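Here is coords_31.txt, consisting of compact mmCIF, N, CA and C atoms:
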```txt
# COMPACT_ATOMS: atom_id res chain seq x y z
N MET M 12 -81.71 -139.47 40.16
CA MET M 12 -81.39 -138.12 40.58
C MET M 12 -80.01 -138.13 41.22
N ASN M 13 -79.18 -137.22 40.78
CA ASN M 13 -77.83 -137.20 41.35
C ASN M 13 -77.78 -136.34 42.61
N LEU M 14 -76.67 -136.43 43.30
CA LEU M 14 -76.49 -135.75 44.58
C LEU M 14 -76.60 -134.23 44.44
N SER M 15 -76.07 -133.68 43.35
CA SER M 15 -76.12 -132.24 43.14
C SER M 15 -77.56 -131.74 43.03
N MET M 16 -78.37 -132.47 42.29
CA MET M 16 -79.78 -132.08 42.14
C MET M 16 -80.52 -132.19 43.46
N LEU M 17 -80.20 -133.20 44.23
CA LEU M 17 -80.82 -133.39 45.53
C LEU M 17 -80.48 -132.23 46.46
N ASN M 18 -79.24 -131.82 46.45
CA ASN M 18 -78.81 -130.69 47.29
C ASN M 18 -79.49 -129.40 46.84
N GLN M 19 -79.62 -129.22 45.52
CA GLN M 19 -80.30 -128.02 45.02
C GLN M 19 -81.77 -128.02 45.46
N ALA M 20 -82.40 -129.18 45.40
CA ALA M 20 -83.80 -129.28 45.82
C ALA M 20 -83.94 -128.96 47.30
N ARG M 21 -83.02 -129.45 48.12
CA ARG M 21 -83.07 -129.16 49.56
C ARG M 21 -82.88 -127.67 49.84
N GLU M 22 -81.94 -127.06 49.12
CA GLU M 22 -81.69 -125.63 49.28
C GLU M 22 -82.92 -124.81 48.86
N LEU M 23 -83.54 -125.19 47.75
CA LEU M 23 -84.75 -124.50 47.30
C LEU M 23 -85.85 -124.63 48.35
N LYS M 24 -86.03 -125.81 48.90
CA LYS M 24 -87.04 -126.01 49.93
C LYS M 24 -86.75 -125.15 51.15
N ALA M 25 -85.51 -125.08 51.56
CA ALA M 25 -85.15 -124.25 52.72
C ALA M 25 -85.46 -122.78 52.44
N ARG M 26 -85.12 -122.31 51.24
CA ARG M 26 -85.39 -120.91 50.89
C ARG M 26 -86.90 -120.65 50.81
N LEU M 27 -87.65 -121.60 50.26
CA LEU M 27 -89.10 -121.45 50.19
C LEU M 27 -89.71 -121.44 51.59
N ASP M 28 -89.22 -122.29 52.47
CA ASP M 28 -89.71 -122.31 53.85
C ASP M 28 -89.47 -120.97 54.54
N ARG M 29 -88.27 -120.41 54.33
CA ARG M 29 -87.96 -119.09 54.92
C ARG M 29 -88.88 -118.02 54.36
N ALA M 30 -89.09 -118.06 53.05
CA ALA M 30 -89.96 -117.06 52.41
C ALA M 30 -91.39 -117.19 52.93
N GLN M 31 -91.88 -118.42 53.08
CA GLN M 31 -93.23 -118.63 53.61
C GLN M 31 -93.35 -118.07 55.04
N LYS M 32 -92.32 -118.29 55.84
CA LYS M 32 -92.34 -117.78 57.22
C LYS M 32 -92.37 -116.25 57.20
N GLU M 33 -91.55 -115.66 56.34
CA GLU M 33 -91.54 -114.19 56.22
C GLU M 33 -92.91 -113.68 55.80
N LEU M 34 -93.55 -114.37 54.85
CA LEU M 34 -94.87 -113.95 54.41
C LEU M 34 -95.88 -114.03 55.56
N GLY M 35 -95.76 -115.05 56.37
CA GLY M 35 -96.66 -115.19 57.51
C GLY M 35 -96.49 -114.07 58.52
N ASN M 36 -95.30 -113.49 58.58
CA ASN M 36 -95.02 -112.41 59.52
C ASN M 36 -95.23 -111.02 58.91
N THR M 37 -95.49 -110.97 57.61
CA THR M 37 -95.72 -109.69 56.93
C THR M 37 -97.20 -109.34 57.01
N ILE M 38 -97.49 -108.15 57.51
CA ILE M 38 -98.87 -107.71 57.68
C ILE M 38 -99.17 -106.59 56.68
N LEU M 39 -100.29 -106.73 56.00
CA LEU M 39 -100.76 -105.74 55.03
C LEU M 39 -102.13 -105.24 55.47
N GLU M 40 -102.47 -104.03 55.04
CA GLU M 40 -103.77 -103.48 55.39
C GLU M 40 -104.43 -102.90 54.15
N ALA M 41 -105.73 -103.07 54.06
CA ALA M 41 -106.52 -102.47 53.00
C ALA M 41 -107.75 -101.85 53.64
N GLU M 42 -108.29 -100.84 52.98
CA GLU M 42 -109.46 -100.18 53.54
C GLU M 42 -110.41 -99.77 52.43
N SER M 43 -111.63 -99.48 52.83
CA SER M 43 -112.62 -98.96 51.89
C SER M 43 -113.48 -97.94 52.64
N GLY M 44 -114.24 -97.18 51.89
CA GLY M 44 -115.09 -96.16 52.51
C GLY M 44 -114.31 -95.12 53.25
N LYS M 45 -113.19 -94.69 52.66
CA LYS M 45 -112.32 -93.68 53.29
C LYS M 45 -111.91 -94.08 54.70
N GLY M 46 -111.58 -95.36 54.86
CA GLY M 46 -111.11 -95.84 56.16
C GLY M 46 -112.20 -96.37 57.07
N ALA M 47 -113.44 -96.41 56.59
CA ALA M 47 -114.55 -96.89 57.43
C ALA M 47 -114.43 -98.38 57.72
N VAL M 48 -113.87 -99.13 56.76
CA VAL M 48 -113.65 -100.56 56.95
C VAL M 48 -112.19 -100.83 56.67
N LYS M 49 -111.51 -101.46 57.64
CA LYS M 49 -110.09 -101.79 57.49
C LYS M 49 -109.90 -103.28 57.69
N VAL M 50 -109.16 -103.88 56.77
CA VAL M 50 -108.87 -105.31 56.84
C VAL M 50 -107.36 -105.49 56.95
N THR M 51 -106.95 -106.28 57.91
CA THR M 51 -105.54 -106.61 58.09
C THR M 51 -105.36 -108.08 57.71
N ILE M 52 -104.34 -108.34 56.89
CA ILE M 52 -104.09 -109.68 56.37
C ILE M 52 -102.60 -109.93 56.37
N ASN M 53 -102.19 -111.20 56.46
CA ASN M 53 -100.76 -111.47 56.36
C ASN M 53 -100.42 -111.93 54.94
N GLY M 54 -99.15 -112.15 54.69
CA GLY M 54 -98.68 -112.51 53.36
C GLY M 54 -99.07 -113.91 52.93
N GLN M 55 -99.72 -114.66 53.80
CA GLN M 55 -100.20 -116.00 53.46
C GLN M 55 -101.71 -116.00 53.25
N GLN M 56 -102.27 -114.84 53.01
CA GLN M 56 -103.69 -114.63 52.76
C GLN M 56 -104.58 -115.03 53.93
N LYS M 57 -104.08 -114.88 55.15
CA LYS M 57 -104.88 -115.15 56.34
C LYS M 57 -105.31 -113.82 56.94
N ILE M 58 -106.62 -113.60 56.97
CA ILE M 58 -107.14 -112.35 57.51
C ILE M 58 -106.90 -112.32 59.02
N GLN M 59 -106.29 -111.24 59.47
CA GLN M 59 -105.96 -111.08 60.88
C GLN M 59 -107.05 -110.32 61.64
N SER M 60 -107.64 -109.31 60.97
CA SER M 60 -108.70 -108.55 61.64
C SER M 60 -109.51 -107.77 60.62
N ILE M 61 -110.73 -107.42 61.02
CA ILE M 61 -111.60 -106.53 60.26
C ILE M 61 -112.12 -105.51 61.26
N LYS M 62 -111.89 -104.24 60.96
CA LYS M 62 -112.35 -103.15 61.83
C LYS M 62 -113.40 -102.35 61.06
N ILE M 63 -114.51 -102.08 61.72
CA ILE M 63 -115.60 -101.32 61.10
C ILE M 63 -115.91 -100.11 61.97
N SER M 64 -115.88 -98.94 61.37
CA SER M 64 -116.19 -97.71 62.09
C SER M 64 -117.68 -97.70 62.45
N PRO M 65 -117.99 -97.32 63.67
CA PRO M 65 -119.41 -97.23 64.07
C PRO M 65 -120.21 -96.27 63.19
N LYS M 66 -119.54 -95.35 62.54
CA LYS M 66 -120.22 -94.37 61.69
C LYS M 66 -120.95 -95.01 60.51
N VAL M 67 -120.47 -96.16 60.05
CA VAL M 67 -121.09 -96.78 58.87
C VAL M 67 -122.04 -97.92 59.23
N ILE M 68 -122.29 -98.11 60.52
CA ILE M 68 -123.21 -99.16 60.93
C ILE M 68 -124.61 -98.55 61.00
N ASP M 69 -125.39 -98.84 59.98
CA ASP M 69 -126.76 -98.33 59.87
C ASP M 69 -127.65 -99.49 59.43
N PRO M 70 -128.60 -99.90 60.28
CA PRO M 70 -129.45 -101.04 59.93
C PRO M 70 -130.21 -100.85 58.62
N ASP M 71 -130.38 -99.62 58.20
CA ASP M 71 -131.09 -99.35 56.94
C ASP M 71 -130.18 -99.40 55.72
N LYS M 72 -128.87 -99.53 55.96
CA LYS M 72 -127.91 -99.54 54.84
C LYS M 72 -126.97 -100.75 54.94
N VAL M 73 -127.53 -101.90 55.19
CA VAL M 73 -126.73 -103.12 55.34
C VAL M 73 -125.95 -103.43 54.07
N GLU M 74 -126.59 -103.27 52.91
CA GLU M 74 -125.92 -103.59 51.65
C GLU M 74 -124.69 -102.70 51.43
N TYR M 75 -124.78 -101.47 51.85
CA TYR M 75 -123.64 -100.55 51.73
C TYR M 75 -122.46 -101.05 52.55
N LEU M 76 -122.72 -101.43 53.79
CA LEU M 76 -121.66 -101.94 54.67
C LEU M 76 -121.09 -103.24 54.11
N GLU M 77 -121.95 -104.12 53.63
CA GLU M 77 -121.49 -105.37 53.03
C GLU M 77 -120.55 -105.09 51.85
N GLY M 78 -120.90 -104.11 51.05
CA GLY M 78 -120.05 -103.74 49.91
C GLY M 78 -118.69 -103.23 50.35
N LEU M 79 -118.69 -102.41 51.41
CA LEU M 79 -117.42 -101.89 51.94
C LEU M 79 -116.53 -103.02 52.45
N VAL M 80 -117.13 -103.96 53.18
CA VAL M 80 -116.37 -105.09 53.72
C VAL M 80 -115.81 -105.94 52.57
N LEU M 81 -116.65 -106.24 51.60
CA LEU M 81 -116.21 -107.05 50.47
C LEU M 81 -115.07 -106.37 49.70
N LYS M 82 -115.19 -105.09 49.49
CA LYS M 82 -114.15 -104.35 48.77
C LYS M 82 -112.83 -104.38 49.54
N ALA M 83 -112.88 -104.13 50.84
CA ALA M 83 -111.66 -104.11 51.65
C ALA M 83 -111.02 -105.50 51.72
N VAL M 84 -111.83 -106.55 51.89
CA VAL M 84 -111.29 -107.91 51.94
C VAL M 84 -110.66 -108.28 50.60
N SER M 85 -111.35 -107.97 49.52
CA SER M 85 -110.82 -108.29 48.19
C SER M 85 -109.50 -107.59 47.93
N GLU M 86 -109.41 -106.33 48.31
CA GLU M 86 -108.17 -105.57 48.12
C GLU M 86 -107.04 -106.15 48.98
N ALA M 87 -107.36 -106.52 50.20
CA ALA M 87 -106.34 -107.09 51.09
C ALA M 87 -105.81 -108.40 50.53
N VAL M 88 -106.70 -109.26 50.06
CA VAL M 88 -106.28 -110.54 49.49
C VAL M 88 -105.43 -110.31 48.25
N ALA M 89 -105.83 -109.38 47.40
CA ALA M 89 -105.06 -109.08 46.19
C ALA M 89 -103.65 -108.59 46.53
N LYS M 90 -103.55 -107.71 47.54
CA LYS M 90 -102.23 -107.23 47.97
C LYS M 90 -101.37 -108.37 48.48
N SER M 91 -101.97 -109.24 49.27
CA SER M 91 -101.23 -110.37 49.83
C SER M 91 -100.77 -111.34 48.74
N GLN M 92 -101.64 -111.61 47.78
CA GLN M 92 -101.27 -112.50 46.68
C GLN M 92 -100.14 -111.91 45.84
N LYS M 93 -100.21 -110.61 45.61
CA LYS M 93 -99.16 -109.94 44.82
C LYS M 93 -97.82 -110.03 45.55
N LEU M 94 -97.84 -109.80 46.86
CA LEU M 94 -96.61 -109.89 47.64
C LEU M 94 -96.04 -111.30 47.60
N ALA M 95 -96.91 -112.31 47.79
CA ALA M 95 -96.46 -113.70 47.77
C ALA M 95 -95.88 -114.07 46.42
N ALA M 96 -96.54 -113.66 45.35
CA ALA M 96 -96.05 -113.97 44.01
C ALA M 96 -94.68 -113.33 43.77
N LYS M 97 -94.52 -112.11 44.27
CA LYS M 97 -93.24 -111.42 44.10
C LYS M 97 -92.13 -112.13 44.87
N GLN M 98 -92.39 -112.46 46.13
CA GLN M 98 -91.36 -113.09 46.96
C GLN M 98 -91.04 -114.52 46.52
N LEU M 99 -92.07 -115.29 46.24
CA LEU M 99 -91.85 -116.69 45.91
C LEU M 99 -91.49 -116.88 44.45
N GLY M 100 -91.95 -115.98 43.59
CA GLY M 100 -91.66 -116.10 42.17
C GLY M 100 -90.18 -116.04 41.87
N GLY M 101 -89.45 -115.22 42.59
CA GLY M 101 -88.01 -115.13 42.40
C GLY M 101 -87.30 -116.41 42.78
N LEU M 102 -87.84 -117.11 43.75
CA LEU M 102 -87.21 -118.35 44.20
C LEU M 102 -87.49 -119.51 43.26
N THR M 103 -88.68 -119.50 42.67
CA THR M 103 -89.08 -120.64 41.83
C THR M 103 -88.83 -120.39 40.35
N GLY M 104 -88.27 -119.25 40.03
CA GLY M 104 -88.00 -118.94 38.63
C GLY M 104 -89.27 -118.76 37.82
N GLY M 105 -90.35 -118.34 38.47
CA GLY M 105 -91.61 -118.11 37.79
C GLY M 105 -92.49 -119.34 37.66
N LEU M 106 -92.03 -120.48 38.13
CA LEU M 106 -92.85 -121.69 38.07
C LEU M 106 -94.02 -121.56 39.03
N LYS M 107 -95.17 -122.00 38.60
CA LYS M 107 -96.36 -122.01 39.47
C LYS M 107 -96.40 -123.35 40.19
N ILE M 108 -95.91 -123.36 41.41
CA ILE M 108 -95.89 -124.59 42.21
C ILE M 108 -97.15 -124.64 43.05
N PRO M 109 -97.99 -125.68 42.88
CA PRO M 109 -99.23 -125.75 43.63
C PRO M 109 -99.01 -125.65 45.13
N GLY M 110 -99.87 -124.86 45.77
CA GLY M 110 -99.80 -124.72 47.22
C GLY M 110 -98.94 -123.57 47.69
N LEU M 111 -98.16 -122.97 46.80
CA LEU M 111 -97.31 -121.85 47.21
C LEU M 111 -98.02 -120.52 47.05
N PHE M 112 -98.66 -120.33 45.91
CA PHE M 112 -99.39 -119.09 45.65
C PHE M 112 -100.30 -119.25 44.49
```
Spit out the file's structure as structure tokens when you get a sec.
Amino acid sequence: MNLSMLNQARELKARLDRAQKELGNTILEAESGKGAVKVTINGQQKIQSIKISPKVIDPDKVEYLEGLVLKAVSEAVAKSQKLAAKQLGGLTGGLKIPGLF
């Protein structure tokens, strides 16, 4: 490996590190049930919080609440993955590098 390639690799790593940090600081929100369940997630797919409105807490409708939570979490993760792919994809030229996204 020549010096030029080594420098390019270091620069790419630095840019990827910056992008990962930005993703960690980027907060996204998803909701279901017209806002009854809200999930906050960062750009690294780490769930920050889940908020559930007391209006939808009914012991007789547990499956309904479970569905709302699952839908909101799934949407939040999908948003976060899309954001990460967009930010990191430009840096890697579309290469799927394990561990990045």
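Those residues in chain M carrying a DSSP assignment of strand (DSSP E), computed from the backbone, are Ile38, Leu39, Glu40, Ala41, Glu42, Ser43, Val48, Lys49, Val50, Thr51, Ile52, Asn53, Ile58, Gln59, Ser60, Ile61, Lys62 and Ile63 of chain M.
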Point-to-point distance in Å for atom C of Ala41 (chain M) and CA of Ile58 (chain M)
11.2 Å
Which residue is closest to Ile68 (chain M)? Choose from M:Val80, M:Leu27, M:Leu102, M:Leu17 and count only C-alpha atoms.
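Under the stated criterion, the closest residue is M:Val80.
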So which residues are close to (-106.1, -107.5, 58.8), meaning at most 10 Å away in the file's coordinates with only C-alpha atoms counted, and can you show them as an mmCIF file with N, CA and C atoms, keeping the file's coordinate frame?
```
data_model
loop_
_atom_site.group_PDB
_atom_site.id
_atom_site.type_symbol
_atom_site.label_atom_id
_atom_site.label_comp_id
_atom_site.auth_asym_id
_atom_site.auth_seq_id
_atom_site.Cartn_x
_atom_site.Cartn_y
_atom_site.Cartn_z
ATOM 1 N N ILE M 38 -97.490 -108.150 57.510
ATOM 2 C CA ILE M 38 -98.870 -107.710 57.680
ATOM 3 C C ILE M 38 -99.170 -106.590 56.680
ATOM 4 N N LEU M 39 -100.290 -106.730 56.000
ATOM 5 C CA LEU M 39 -100.760 -105.740 55.030
ATOM 6 C C LEU M 39 -102.130 -105.240 55.470
ATOM 7 N N GLU M 40 -102.470 -104.030 55.040
ATOM 8 C CA GLU M 40 -103.770 -103.480 55.390
ATOM 9 C C GLU M 40 -104.430 -102.900 54.150
ATOM 10 N N ALA M 41 -105.730 -103.070 54.060
ATOM 11 C CA ALA M 41 -106.520 -102.470 53.000
ATOM 12 C C ALA M 41 -107.750 -101.850 53.640
ATOM 13 N N GLU M 42 -108.290 -100.840 52.980
ATOM 14 C CA GLU M 42 -109.460 -100.180 53.540
ATOM 15 C C GLU M 42 -110.410 -99.770 52.430
ATOM 16 N N LYS M 49 -111.510 -101.460 57.640
ATOM 17 C CA LYS M 49 -110.090 -101.790 57.490
ATOM 18 C C LYS M 49 -109.900 -103.280 57.690
ATOM 19 N N VAL M 50 -109.160 -103.880 56.770
ATOM 20 C CA VAL M 50 -108.870 -105.310 56.840
ATOM 21 C C VAL M 50 -107.360 -105.490 56.950
ATOM 22 N N THR M 51 -106.950 -106.280 57.910
ATOM 23 C CA THR M 51 -105.540 -106.610 58.090
ATOM 24 C C THR M 51 -105.360 -108.080 57.710
ATOM 25 N N ILE M 52 -104.340 -108.340 56.890
ATOM 26 C CA ILE M 52 -104.090 -109.680 56.370
ATOM 27 C C ILE M 52 -102.600 -109.930 56.370
ATOM 28 N N ASN M 53 -102.190 -111.200 56.460
ATOM 29 C CA ASN M 53 -100.760 -111.470 56.360
ATOM 30 C C ASN M 53 -100.420 -111.930 54.940
ATOM 31 N N GLN M 56 -102.270 -114.840 53.010
ATOM 32 C CA GLN M 56 -103.690 -114.630 52.760
ATOM 33 C C GLN M 56 -104.580 -115.030 53.930
ATOM 34 N N LYS M 57 -104.080 -114.880 55.150
ATOM 35 C CA LYS M 57 -104.880 -115.150 56.340
ATOM 36 C C LYS M 57 -105.310 -113.820 56.940
ATOM 37 N N ILE M 58 -106.620 -113.600 56.970
ATOM 38 C CA ILE M 58 -107.140 -112.350 57.510
ATOM 39 C C ILE M 58 -106.900 -112.320 59.020
ATOM 40 N N GLN M 59 -106.290 -111.240 59.470
ATOM 41 C CA GLN M 59 -105.960 -111.080 60.880
ATOM 42 C C GLN M 59 -107.050 -110.320 61.640
ATOM 43 N N SER M 60 -107.640 -109.310 60.970
ATOM 44 C CA SER M 60 -108.700 -108.550 61.640
ATOM 45 C C SER M 60 -109.510 -107.770 60.620
ATOM 46 N N ILE M 61 -110.730 -107.420 61.020
ATOM 47 C CA ILE M 61 -111.600 -106.530 60.260
ATOM 48 C C ILE M 61 -112.120 -105.510 61.260
ATOM 49 N N LYS M 62 -111.890 -104.240 60.960
ATOM 50 C CA LYS M 62 -112.350 -103.150 61.830
ATOM 51 C C LYS M 62 -113.400 -102.350 61.060
ATOM 52 N N ALA M 83 -112.880 -104.130 50.840
ATOM 53 C CA ALA M 83 -111.660 -104.110 51.650
ATOM 54 C C ALA M 83 -111.020 -105.500 51.720
ATOM 55 N N VAL M 84 -111.830 -106.550 51.890
ATOM 56 C CA VAL M 84 -111.290 -107.910 51.940
ATOM 57 C C VAL M 84 -110.660 -108.280 50.600
ATOM 58 N N ALA M 87 -107.360 -106.520 50.200
ATOM 59 C CA ALA M 87 -106.340 -107.090 51.090
ATOM 60 C C ALA M 87 -105.810 -108.400 50.530
ATOM 61 N N VAL M 88 -106.700 -109.260 50.060
ATOM 62 C CA VAL M 88 -106.280 -110.540 49.490
ATOM 63 C C VAL M 88 -105.430 -110.310 48.250
#
```
Just list the residues in chain M DSSP gives alpha helix (DSSP H) on the backbone, as an NGL selection string.
:M and (14-36 or 73-103)
Which residue of M:Ala25, M:Val48, M:Gln98, M:Ala20 approaches Leu79 (chain M) most closely, using all atoms listed in the file
M:Val48
So that all listed atoms of region 89-105 of chain M fit with 5 Å spare on each side, what axis-aligned box centre and edge lengths in Å, to one decimal, would you give as JSON?
```
{"center_x": -96.5, "center_y": -113.9, "center_z": 43.7, "size_x": 28.6, "size_y": 23.4, "size_z": 22.2}
```
Computed gap from atom N of Leu99 (chain M) to atom N of Gln31 (chain M) is 7.5 Å
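Atom N of Gly54 (chain M) is found 4.1 Å from atom C of Thr37 (chain M).
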